[in-house]
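Trainee: Quick one: the structure is below, questions incoming.
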Amino acid sequence: MPACPVRYDPLDAATLADPYPVLTALRTRAPVTWHEPMECWLVTRYADCMRVLREHEHFARDPRRLGRRVPEASLSVQVLDPPHQATVRSLFMTALHAQDLTGLQERASQDIASRLDGLAPQPVWEVMRDLAQPIALAAIADLLGVTPPPACEWAQVSDTIMRSMDGGLNPALVEPGRLAKEHLSALVGSWFEASSRPAGLLGYVRARTADAGPELDRYVMHTARVMFQGGYSTLAAAIGNVLDTLARNPQAQRALREEPHLRATGVDELVRYDGPVQGTTRLAAADVTLGGIAVCRGDKVTVLFQAGNRDPGHFEYPDRLLLERLPNRHLGYGWGTHACLGTIVAQRILVALVDALADQPGPLRPAGPSLRRRTATMRAFDQLPVTLQP
């Protein structure tokens, strides 16, 4: 296979800080290209990304379709492909829409406003530790109807699981990730066993799968685990990225403060502009041509969401932050049946965040060097110091 004409290392410090120049170079020079270190095809054009995400008959999420083994604990709605995914996904989506999402958003709004009021007098505060992680943990626990684990303990477990998603780049991350997933599975199992009240999303799901049989029980348990971890890590990362973008764009802050009608479209645009999830991988289920390139059955195909979100072939002025952008069918949370289950909740929490920030008297500004988390799959911060002081 021809070598990739653009050097792409997702863990390179410069790429972590700003991946968009190298993604633009890839999309321009080699929109579908083989990446030898990652042993996969990189896909960077929006149309090609959407094709991979939509054509389940050609691109498999479930490795078992190609005769490959999948650990039992990994069998969740995010691994199953249609039509086998339909029962579990429908159950969780129905449960999601049965929740009082308006009430959840109002509780999150109060939590965010209270935290910002406490942080505003401080000369410098840290976004991830002081705001993003506790808000995300509280929101996802509220959605599921469970008592959240201790924040410090959970942040470490989640971080280990998140880093293990890059096990293909660093195999040493795989075993710690497996142990962290076991810890999380035990936590989720305790929720299913202890809770008898039909409250929250998990209560809804439990009430409708009491006699469903062991196979569906396993899928439901594993999906609940993925929803808790994925919802938390994606939302925390999104909050960090949104606040970083706003801190560096005072004009956007001013517009959101003075024109509240921009906040719904503005949140979508902020996620498109610098989203939390950088990509996902499929397996070619058959020999297929993608972007004029022959892809063989069994090859890994990695869709780079961030590249698709800046594709000028789909988005006008893709490198500009346009809060009024419509339509905006971005890939910030993935797309289709394997997109983040909690997308609708994440959007509501981000709107609540923008609302609360607009109520602060001072603008959000950077307050020191930031540090990106060294992860390829999730684009997040380790440290993001800011201030609300004038």
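Ordering of the structure tokens sets the chain letters (A, B, ...); residue numbers start at 1 within each chain; ligands are numbered from 1 in the order shown.
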Counting only C-alpha atoms, what is within 12 Å of Glu193 (chain A), bar same-chain residues fewer than 3 positions away, as a list in words?
Mentor: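 My list of contacting residues is Val146, Ala186, Leu187, Val188, Gly189, Ser190, Ser196, Arg197, Leu202, Gly203, Arg206, Ala210 and Met221 of chain A.
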Trainee: List the neighbours of Ala237 (chain A) out to 9 Å using only C-alpha atoms; skip same-chain residues closer than 3 positions along the sequence, and give me the result as a PyMOL selection string.
Mentor: chain A and resi 128+132-133+232-234+240-242+275-277+378-381
Trainee: Quick one: residues within 7 Å of region 113-123 of chain A, only C-alpha atoms counted, chain neighbours fewer than 2 positions away excluded, as a CSV table (one decimal) with C-alpha atoms, in the first residue's frame?
Mentor:
```
chain,number,residue,atom,x,y,z
A,109,SER,CA,-28.5,25.0,34.9
A,110,GLN,CA,-28.8,25.6,38.7
A,111,ASP,CA,-25.7,23.5,39.3
A,125,TRP,CA,-9.7,28.4,38.1
A,356,ALA,CA,-25.1,30.5,32.7
A,387,THR,CA,-10.7,33.5,34.7
A,388,LEU,CA,-14.0,35.5,34.9
A,389,GLN,CA,-12.2,38.5,36.3
```
Trainee: Quick one: residues within 10 Å of Arg129 (chain A), only C-alpha atoms counted, chain neighbours fewer than 2 positions away excluded, as a list in words?
Mentor: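 In the requested format, the answer is Trp125, Glu126, Val127, Leu131, Ala132, Gln133, Pro134, Ile135, Ala151, Cys152, Ala155, Ala236, Asp382, Gln383, Leu384 and Pro385 of chain A.
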Trainee: With the cut-off set at 12 Å and counting only C-alpha atoms, tabulate each residue of region 267-352 of chain A with an atom at most that distance from an atom of region 31-38 of chain A, showing the nearest atom pair and its distance in Å to one decimal, ordered by chain and increasing number, as a Markdown table.
Mentor:
```
| residue | atom | partner | partner_atom | distance |
| --- | --- | --- | --- | --- |
| A:Thr281 | CA | A:Met38 | CA | 11.0 |
| A:Thr289 | CA | A:Val32 | CA | 10.3 |
| A:Leu290 | CA | A:Val32 | CA | 7.3 |
| A:Gly291 | CA | A:Val32 | CA | 6.2 |
| A:Gly292 | CA | A:Val32 | CA | 8.2 |
| A:Ile293 | CA | A:Val32 | CA | 6.9 |
| A:Ala294 | CA | A:Val32 | CA | 9.8 |
| A:Val295 | CA | A:Trp34 | CA | 9.6 |
| A:Cys296 | CA | A:Trp34 | CA | 11.7 |
| A:Asp299 | CA | A:Trp34 | CA | 9.9 |
| A:Lys300 | CA | A:Met38 | CA | 9.2 |
| A:Val301 | CA | A:Trp34 | CA | 9.0 |
| A:Thr302 | CA | A:Met38 | CA | 9.3 |
| A:Val303 | CA | A:Val32 | CA | 9.6 |
| A:Leu304 | CA | A:Pro31 | CA | 10.4 |
| A:Ala307 | CA | A:Pro31 | CA | 9.5 |
| A:Gly308 | CA | A:Pro31 | CA | 10.1 |
| A:Asp311 | CA | A:Pro31 | CA | 10.5 |
```
Trainee: Could you write out that same residue set with N, CA and C atoms as a tab-separated table (two decimals), in the first residue's frame?
Mentor:
```tsv
chain	number	residue	atom	x	y	z
A	281	THR	N	-13.62	3.70	14.21
A	281	THR	CA	-13.08	2.73	13.26
A	281	THR	C	-14.11	1.68	12.91
A	289	THR	N	-14.73	0.10	-2.96
A	289	THR	CA	-14.00	1.29	-3.40
A	289	THR	C	-14.51	2.48	-2.62
A	290	LEU	N	-13.59	3.19	-1.99
A	290	LEU	CA	-13.95	4.34	-1.16
A	290	LEU	C	-13.10	5.53	-1.57
A	291	GLY	N	-13.74	6.57	-2.04
A	291	GLY	CA	-12.99	7.73	-2.49
A	291	GLY	C	-12.01	7.41	-3.60
A	292	GLY	N	-12.37	6.45	-4.46
A	292	GLY	CA	-11.50	6.06	-5.56
A	292	GLY	C	-10.39	5.10	-5.17
A	293	ILE	N	-10.35	4.67	-3.92
A	293	ILE	CA	-9.31	3.79	-3.41
A	293	ILE	C	-9.90	2.40	-3.13
A	294	ALA	N	-9.19	1.36	-3.54
A	294	ALA	CA	-9.64	-0.02	-3.31
A	294	ALA	C	-9.32	-0.41	-1.86
A	295	VAL	N	-10.35	-0.74	-1.12
A	295	VAL	CA	-10.22	-1.17	0.27
A	295	VAL	C	-10.60	-2.64	0.33
A	296	CYS	N	-9.77	-3.46	0.96
A	296	CYS	CA	-9.98	-4.90	0.98
A	296	CYS	C	-10.78	-5.33	2.20
A	299	ASP	N	-9.92	-4.83	6.14
A	299	ASP	CA	-9.11	-3.65	6.44
A	299	ASP	C	-9.83	-2.76	7.46
A	300	LYS	N	-9.05	-2.14	8.34
A	300	LYS	CA	-9.61	-1.14	9.25
A	300	LYS	C	-9.77	0.19	8.51
A	301	VAL	N	-10.89	0.84	8.76
A	301	VAL	CA	-11.19	2.13	8.14
A	301	VAL	C	-11.53	3.11	9.26
A	302	THR	N	-10.69	4.14	9.43
A	302	THR	CA	-10.88	5.10	10.52
A	302	THR	C	-11.43	6.41	9.98
A	303	VAL	N	-12.61	6.75	10.43
A	303	VAL	CA	-13.27	7.99	10.05
A	303	VAL	C	-12.80	9.09	10.99
A	304	LEU	N	-12.21	10.14	10.45
A	304	LEU	CA	-11.72	11.27	11.26
A	304	LEU	C	-12.79	12.37	11.27
A	307	ALA	N	-11.78	16.03	10.76
A	307	ALA	CA	-11.47	16.40	9.37
A	307	ALA	C	-12.75	16.64	8.59
A	308	GLY	N	-13.74	15.75	8.76
A	308	GLY	CA	-15.01	15.92	8.07
A	308	GLY	C	-15.72	17.20	8.48
A	311	ASP	N	-14.55	20.19	6.39
A	311	ASP	CA	-14.49	19.94	4.95
A	311	ASP	C	-15.21	21.08	4.20
```
Trainee: Skip Pro82 (chain A) itself and residues of its chain fewer than 3 positions away, then list as a PyMOL selection string all residues within 10 Å of it, counting only C-alpha atoms.
Mentor: chain A and resi 56-57+60-62+77+79+85-87+89+337-338
Trainee: Pull the closest atom pair for each residue of region 334-382 of chain A that gets at most 10 Å from region 260-267 of chain A, along with the distance in Å to one decimal, counting only C-alpha atoms, ordering rows by chain and then ascending residue number, as a Markdown table.
Mentor:
```
| residue | atom | partner | partner_atom | distance |
| --- | --- | --- | --- | --- |
| A:Gln347 | CA | A:Val267 | CA | 7.1 |
| A:Arg348 | CA | A:Ala264 | CA | 8.8 |
| A:Ile349 | CA | A:Val267 | CA | 9.9 |
| A:Leu350 | CA | A:Val267 | CA | 6.6 |
| A:Val351 | CA | A:Val267 | CA | 6.4 |
| A:Ala352 | CA | A:Arg263 | CA | 9.4 |
| A:Leu353 | CA | A:Val267 | CA | 9.6 |
| A:Val354 | CA | A:Arg263 | CA | 7.0 |
| A:Asp355 | CA | A:Arg263 | CA | 7.7 |
| A:Ala358 | CA | A:Pro260 | CA | 8.9 |
```
Trainee: If you keep C-alpha atoms, can you produce a file of those selected residues as a PDB file, in the first residue's frame?
Mentor:
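After the write, again_16.pdb holds the following:
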```pdb
ATOM      1  CA  GLN A 347     -26.666  19.472  23.816  1.00  0.00           C
ATOM      2  CA  ARG A 348     -29.045  20.512  26.596  1.00  0.00           C
ATOM      3  CA  ILE A 349     -26.220  20.706  29.138  1.00  0.00           C
ATOM      4  CA  LEU A 350     -24.111  22.801  26.770  1.00  0.00           C
ATOM      5  CA  VAL A 351     -27.009  25.208  26.199  1.00  0.00           C
ATOM      6  CA  ALA A 352     -27.380  25.467  29.984  1.00  0.00           C
ATOM      7  CA  LEU A 353     -23.653  26.184  30.202  1.00  0.00           C
ATOM      8  CA  VAL A 354     -23.811  28.952  27.586  1.00  0.00           C
ATOM      9  CA  ASP A 355     -26.872  30.444  29.325  1.00  0.00           C
ATOM     10  CA  ALA A 358     -23.939  34.748  29.645  1.00  0.00           C
TER      11      ALA A 358
END
```
Trainee: Near Leu169 (chain A), within 12 Å and counting only C-alpha atoms, which residues show up once chain neighbours fewer than 4 positions away are dropped, as a list of chain:residue names?
Mentor: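 Surrounding residues, per the criterion: A:Asp9, A:Pro10, A:Leu11, A:His35, A:Glu36, A:Pro37, A:Met38, A:Glu39, A:Cys40, A:Arg163, A:Ser164, A:Met165, A:Leu173, A:Val174, A:Arg374, A:Thr375, A:Ala376, A:Thr377.
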Trainee: Could you take the residues named above and write them with N, CA and C atoms, as a short mmCIF file (atom, residue, chain, number, x, y, z; two decimals), in the first residue's frame?
Mentor:
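again_17.cif written:
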```cif
data_model
loop_
_atom_site.label_atom_id
_atom_site.label_comp_id
_atom_site.auth_asym_id
_atom_site.auth_seq_id
_atom_site.Cartn_x
_atom_site.Cartn_y
_atom_site.Cartn_z
N ASP A 9 0.53 12.09 13.14
CA ASP A 9 0.68 11.42 14.43
C ASP A 9 -0.31 12.08 15.38
N PRO A 10 -1.43 11.39 15.68
CA PRO A 10 -2.46 12.04 16.49
C PRO A 10 -2.00 12.38 17.90
N LEU A 11 -0.88 11.81 18.35
CA LEU A 11 -0.38 12.08 19.69
C LEU A 11 0.78 13.08 19.69
N HIS A 35 -2.52 4.42 6.56
CA HIS A 35 -1.62 4.91 7.60
C HIS A 35 -0.95 3.70 8.24
N GLU A 36 0.32 3.50 7.91
CA GLU A 36 1.01 2.28 8.33
C GLU A 36 1.11 2.14 9.85
N PRO A 37 1.50 3.18 10.61
CA PRO A 37 1.60 2.99 12.06
C PRO A 37 0.28 2.58 12.71
N MET A 38 -0.83 3.10 12.22
CA MET A 38 -2.13 2.78 12.79
C MET A 38 -2.78 1.57 12.11
N GLU A 39 -2.18 1.13 11.00
CA GLU A 39 -2.66 -0.04 10.24
C GLU A 39 -4.13 0.13 9.86
N CYS A 40 -4.43 1.26 9.25
CA CYS A 40 -5.82 1.52 8.86
C CYS A 40 -5.85 2.54 7.74
N ARG A 163 -8.14 6.41 27.92
CA ARG A 163 -6.81 6.21 27.34
C ARG A 163 -6.70 4.83 26.67
N SER A 164 -7.41 3.84 27.20
CA SER A 164 -7.34 2.49 26.62
C SER A 164 -7.95 2.44 25.22
N MET A 165 -8.75 3.46 24.87
CA MET A 165 -9.30 3.53 23.51
C MET A 165 -8.20 3.71 22.48
N LEU A 173 -1.73 0.33 27.25
CA LEU A 173 -2.93 0.93 27.81
C LEU A 173 -4.10 -0.06 27.91
N VAL A 174 -3.98 -1.19 27.24
CA VAL A 174 -5.12 -2.11 27.12
C VAL A 174 -5.47 -2.75 28.45
N ARG A 374 -3.30 13.61 26.28
CA ARG A 374 -2.59 12.88 25.23
C ARG A 374 -3.40 11.64 24.83
N THR A 375 -4.52 11.89 24.16
CA THR A 375 -5.38 10.83 23.67
C THR A 375 -5.76 11.12 22.23
N ALA A 376 -5.87 10.06 21.43
CA ALA A 376 -6.16 10.22 20.01
C ALA A 376 -7.65 10.18 19.72
N THR A 377 -8.39 9.37 20.46
CA THR A 377 -9.82 9.19 20.16
C THR A 377 -10.65 10.34 20.71
#
```
Trainee: Please return, as a list of chain:residue names, all residues of region 119-352 of chain A that DSSP assigns to strand (DSSP E) on the basis of the backbone.
Mentor: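 Assigned to strand (DSSP E), within region 119-352 of chain A: A:Trp125, A:Glu126, A:Gly279, A:Thr280, A:Thr281, A:Arg282, A:Leu283, A:Ala284, A:Val288, A:Thr289, A:Leu290, A:Ile293, A:Ala294, A:Val295, A:Lys300, A:Val301, A:Thr302, A:Val303, A:Leu304.
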Trainee: Write a file of the just-selected residues containing C-alpha atoms, as a PDB file, in the first residue's frame.
Mentor:
```pdb
ATOM      1  CA  TRP A 125      -9.685  28.401  38.120  1.00  0.00           C
ATOM      2  CA  GLU A 126      -9.347  25.158  36.221  1.00  0.00           C
ATOM      3  CA  GLY A 279     -12.910   9.480  15.134  1.00  0.00           C
ATOM      4  CA  THR A 280     -14.131   5.910  15.024  1.00  0.00           C
ATOM      5  CA  THR A 281     -13.077   2.730  13.262  1.00  0.00           C
ATOM      6  CA  ARG A 282     -14.936   0.216  11.135  1.00  0.00           C
ATOM      7  CA  LEU A 283     -13.880  -2.979   9.354  1.00  0.00           C
ATOM      8  CA  ALA A 284     -14.477  -3.356   5.640  1.00  0.00           C
ATOM      9  CA  VAL A 288     -15.112  -1.893  -1.633  1.00  0.00           C
ATOM     10  CA  THR A 289     -13.997   1.286  -3.403  1.00  0.00           C
ATOM     11  CA  LEU A 290     -13.951   4.341  -1.159  1.00  0.00           C
ATOM     12  CA  ILE A 293      -9.309   3.786  -3.406  1.00  0.00           C
ATOM     13  CA  ALA A 294      -9.635  -0.016  -3.309  1.00  0.00           C
ATOM     14  CA  VAL A 295     -10.219  -1.170   0.269  1.00  0.00           C
ATOM     15  CA  LYS A 300      -9.611  -1.145   9.250  1.00  0.00           C
ATOM     16  CA  VAL A 301     -11.186   2.127   8.139  1.00  0.00           C
ATOM     17  CA  THR A 302     -10.883   5.099  10.520  1.00  0.00           C
ATOM     18  CA  VAL A 303     -13.275   7.993  10.054  1.00  0.00           C
ATOM     19  CA  LEU A 304     -11.719  11.266  11.261  1.00  0.00           C
TER      20      LEU A 304
END
```
Trainee: Go ahead and compute the interatomic distance for CA of Arg257 (chain A) and CA of Glu324 (chain A), in Å to one decimal.
Mentor: 13.9 Å
Trainee: Would you please work out which residue, of A:Leu179, A:Leu341, A:Leu53, A:Ala98, is nearest to Asp81 (chain A) when using only C-alpha atoms?
Mentor: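 Going through A:Leu179, A:Leu341, A:Leu53, A:Ala98 one by one, the smallest distance to Asp81 (chain A) is for A:Leu53.
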Trainee: Taking only C-alpha atoms into account, name the residue in A:Leu104, A:Pro150, A:Ala252, A:Gln306 that is nearest to Thr24 (chain A).
Mentor: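 Closest to Thr24 (chain A), using only C-alpha atoms: A:Gln306.
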Trainee: Quick one: everything within 10 Å of Arg272 (chain A), counting only C-alpha atoms, minus sequence neighbours fewer than 6 positions away in the same chain. Send it as an MDAnalysis selection string.
Mentor: chainID A and resid 266 305:306 308:310 318 321 328:333
Trainee: Where does DSSP see helix (DSSP H, G or I) in region 237-354 of chain A, if you list the residues as a ChimeraX atom specification?
Mentor: /A:237-247,250-258,260-273,305-308,336-338,343-354
Trainee: Selection from above, N, CA and C atoms, as a compact mmCIF listing (two decimals), in the first residue's frame, can you write it?
Mentor:
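See again-v7.txt below for the written result:
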```txt
# COMPACT_ATOMS: atom_id res chain seq x y z
N ALA A 237 -15.40 16.43 27.97
CA ALA A 237 -14.50 16.92 26.92
C ALA A 237 -15.16 18.06 26.14
N ALA A 238 -16.46 17.90 25.84
CA ALA A 238 -17.16 18.94 25.08
C ALA A 238 -17.22 20.25 25.86
N ILE A 239 -17.47 20.18 27.16
CA ILE A 239 -17.50 21.39 27.98
C ILE A 239 -16.15 22.10 27.93
N GLY A 240 -15.08 21.34 28.08
CA GLY A 240 -13.75 21.94 28.02
C GLY A 240 -13.48 22.60 26.69
N ASN A 241 -13.82 21.91 25.59
CA ASN A 241 -13.55 22.46 24.26
C ASN A 241 -14.40 23.71 24.00
N VAL A 242 -15.66 23.67 24.42
CA VAL A 242 -16.54 24.83 24.23
C VAL A 242 -16.01 26.04 24.99
N LEU A 243 -15.63 25.85 26.24
CA LEU A 243 -15.16 26.98 27.03
C LEU A 243 -13.81 27.49 26.52
N ASP A 244 -12.96 26.61 26.03
CA ASP A 244 -11.70 27.05 25.44
C ASP A 244 -11.97 27.91 24.20
N THR A 245 -12.87 27.45 23.34
CA THR A 245 -13.18 28.21 22.13
C THR A 245 -13.76 29.58 22.48
N LEU A 246 -14.67 29.61 23.45
CA LEU A 246 -15.28 30.89 23.82
C LEU A 246 -14.28 31.82 24.50
N ALA A 247 -13.39 31.26 25.33
CA ALA A 247 -12.39 32.10 26.00
C ALA A 247 -11.47 32.77 24.98
N PRO A 250 -13.77 36.31 22.17
CA PRO A 250 -14.64 37.22 22.93
C PRO A 250 -15.82 37.73 22.12
N GLN A 251 -15.67 37.85 20.81
CA GLN A 251 -16.80 38.32 20.00
C GLN A 251 -17.94 37.31 20.02
N ALA A 252 -17.59 36.01 20.01
CA ALA A 252 -18.62 34.98 20.08
C ALA A 252 -19.31 35.02 21.44
N GLN A 253 -18.53 35.21 22.50
CA GLN A 253 -19.14 35.35 23.82
C GLN A 253 -20.13 36.51 23.86
N ARG A 254 -19.71 37.63 23.29
CA ARG A 254 -20.56 38.81 23.30
C ARG A 254 -21.86 38.55 22.52
N ALA A 255 -21.74 37.88 21.40
CA ALA A 255 -22.93 37.59 20.59
C ALA A 255 -23.89 36.67 21.33
N LEU A 256 -23.37 35.66 22.01
CA LEU A 256 -24.23 34.74 22.75
C LEU A 256 -24.88 35.43 23.94
N ARG A 257 -24.18 36.40 24.50
CA ARG A 257 -24.75 37.16 25.62
C ARG A 257 -25.87 38.09 25.14
N GLU A 258 -25.64 38.74 24.03
CA GLU A 258 -26.57 39.78 23.58
C GLU A 258 -27.68 39.25 22.68
N PRO A 260 -29.67 35.91 22.59
CA PRO A 260 -29.96 34.56 23.11
C PRO A 260 -30.47 33.58 22.06
N HIS A 261 -31.08 34.08 20.98
CA HIS A 261 -31.60 33.18 19.95
C HIS A 261 -30.48 32.42 19.24
N LEU A 262 -29.23 32.87 19.41
CA LEU A 262 -28.10 32.20 18.77
C LEU A 262 -27.58 31.00 19.57
N ARG A 263 -28.09 30.81 20.78
CA ARG A 263 -27.45 29.84 21.66
C ARG A 263 -27.65 28.39 21.20
N ALA A 264 -28.82 28.05 20.70
CA ALA A 264 -29.05 26.67 20.26
C ALA A 264 -28.19 26.33 19.05
N THR A 265 -28.23 27.17 18.01
CA THR A 265 -27.38 26.93 16.85
C THR A 265 -25.91 27.12 17.21
N GLY A 266 -25.65 28.04 18.14
CA GLY A 266 -24.28 28.31 18.54
C GLY A 266 -23.62 27.12 19.20
N VAL A 267 -24.37 26.39 20.02
CA VAL A 267 -23.81 25.19 20.67
C VAL A 267 -23.46 24.15 19.61
N ASP A 268 -24.34 23.93 18.65
CA ASP A 268 -24.02 23.00 17.56
C ASP A 268 -22.74 23.41 16.84
N GLU A 269 -22.61 24.70 16.58
CA GLU A 269 -21.45 25.19 15.86
C GLU A 269 -20.18 25.05 16.69
N LEU A 270 -20.27 25.28 17.99
CA LEU A 270 -19.10 25.11 18.86
C LEU A 270 -18.63 23.67 18.86
N VAL A 271 -19.56 22.72 18.82
CA VAL A 271 -19.19 21.31 18.78
C VAL A 271 -18.60 20.94 17.42
N ARG A 272 -19.17 21.49 16.35
CA ARG A 272 -18.56 21.24 15.04
C ARG A 272 -17.15 21.80 14.96
N TYR A 273 -16.99 23.00 15.50
CA TYR A 273 -15.73 23.73 15.38
C TYR A 273 -14.59 23.00 16.09
N PHE A 305 -13.60 12.37 12.34
CA PHE A 305 -14.71 13.32 12.43
C PHE A 305 -14.25 14.75 12.31
N GLN A 306 -13.13 15.07 12.96
CA GLN A 306 -12.67 16.46 12.98
C GLN A 306 -12.31 16.95 11.58
N ALA A 307 -11.78 16.03 10.76
CA ALA A 307 -11.47 16.40 9.37
C ALA A 307 -12.75 16.64 8.59
N GLY A 308 -13.74 15.75 8.76
CA GLY A 308 -15.01 15.92 8.07
C GLY A 308 -15.72 17.20 8.48
N GLY A 336 -25.38 8.52 13.15
CA GLY A 336 -26.13 7.30 12.88
C GLY A 336 -26.33 6.43 14.11
N THR A 337 -26.48 5.14 13.89
CA THR A 337 -26.88 4.22 14.96
C THR A 337 -25.79 4.01 16.00
N HIS A 338 -24.56 4.40 15.70
CA HIS A 338 -23.48 4.25 16.68
C HIS A 338 -23.04 5.59 17.26
N THR A 343 -26.40 12.21 23.11
CA THR A 343 -26.20 13.46 22.37
C THR A 343 -27.22 14.52 22.76
N ILE A 344 -28.49 14.14 22.84
CA ILE A 344 -29.54 15.11 23.15
C ILE A 344 -29.34 15.72 24.54
N VAL A 345 -28.84 14.91 25.49
CA VAL A 345 -28.57 15.41 26.83
C VAL A 345 -27.36 16.34 26.81
N ALA A 346 -26.32 15.93 26.09
CA ALA A 346 -25.11 16.77 25.99
C ALA A 346 -25.46 18.15 25.43
N GLN A 347 -26.29 18.19 24.40
CA GLN A 347 -26.67 19.47 23.82
C GLN A 347 -27.41 20.34 24.82
N ARG A 348 -28.30 19.74 25.59
CA ARG A 348 -29.05 20.51 26.60
C ARG A 348 -28.11 21.06 27.68
N ILE A 349 -27.15 20.25 28.10
CA ILE A 349 -26.22 20.71 29.14
C ILE A 349 -25.35 21.84 28.60
N LEU A 350 -24.94 21.74 27.35
CA LEU A 350 -24.11 22.80 26.77
C LEU A 350 -24.90 24.09 26.60
N VAL A 351 -26.17 24.00 26.26
CA VAL A 351 -27.01 25.21 26.20
C VAL A 351 -27.13 25.82 27.59
N ALA A 352 -27.32 24.97 28.61
CA ALA A 352 -27.38 25.47 29.98
C ALA A 352 -26.07 26.15 30.37
N LEU A 353 -24.96 25.59 29.92
CA LEU A 353 -23.65 26.18 30.20
C LEU A 353 -23.52 27.56 29.56
N VAL A 354 -23.90 27.67 28.29
CA VAL A 354 -23.81 28.95 27.59
C VAL A 354 -24.74 29.97 28.23
```
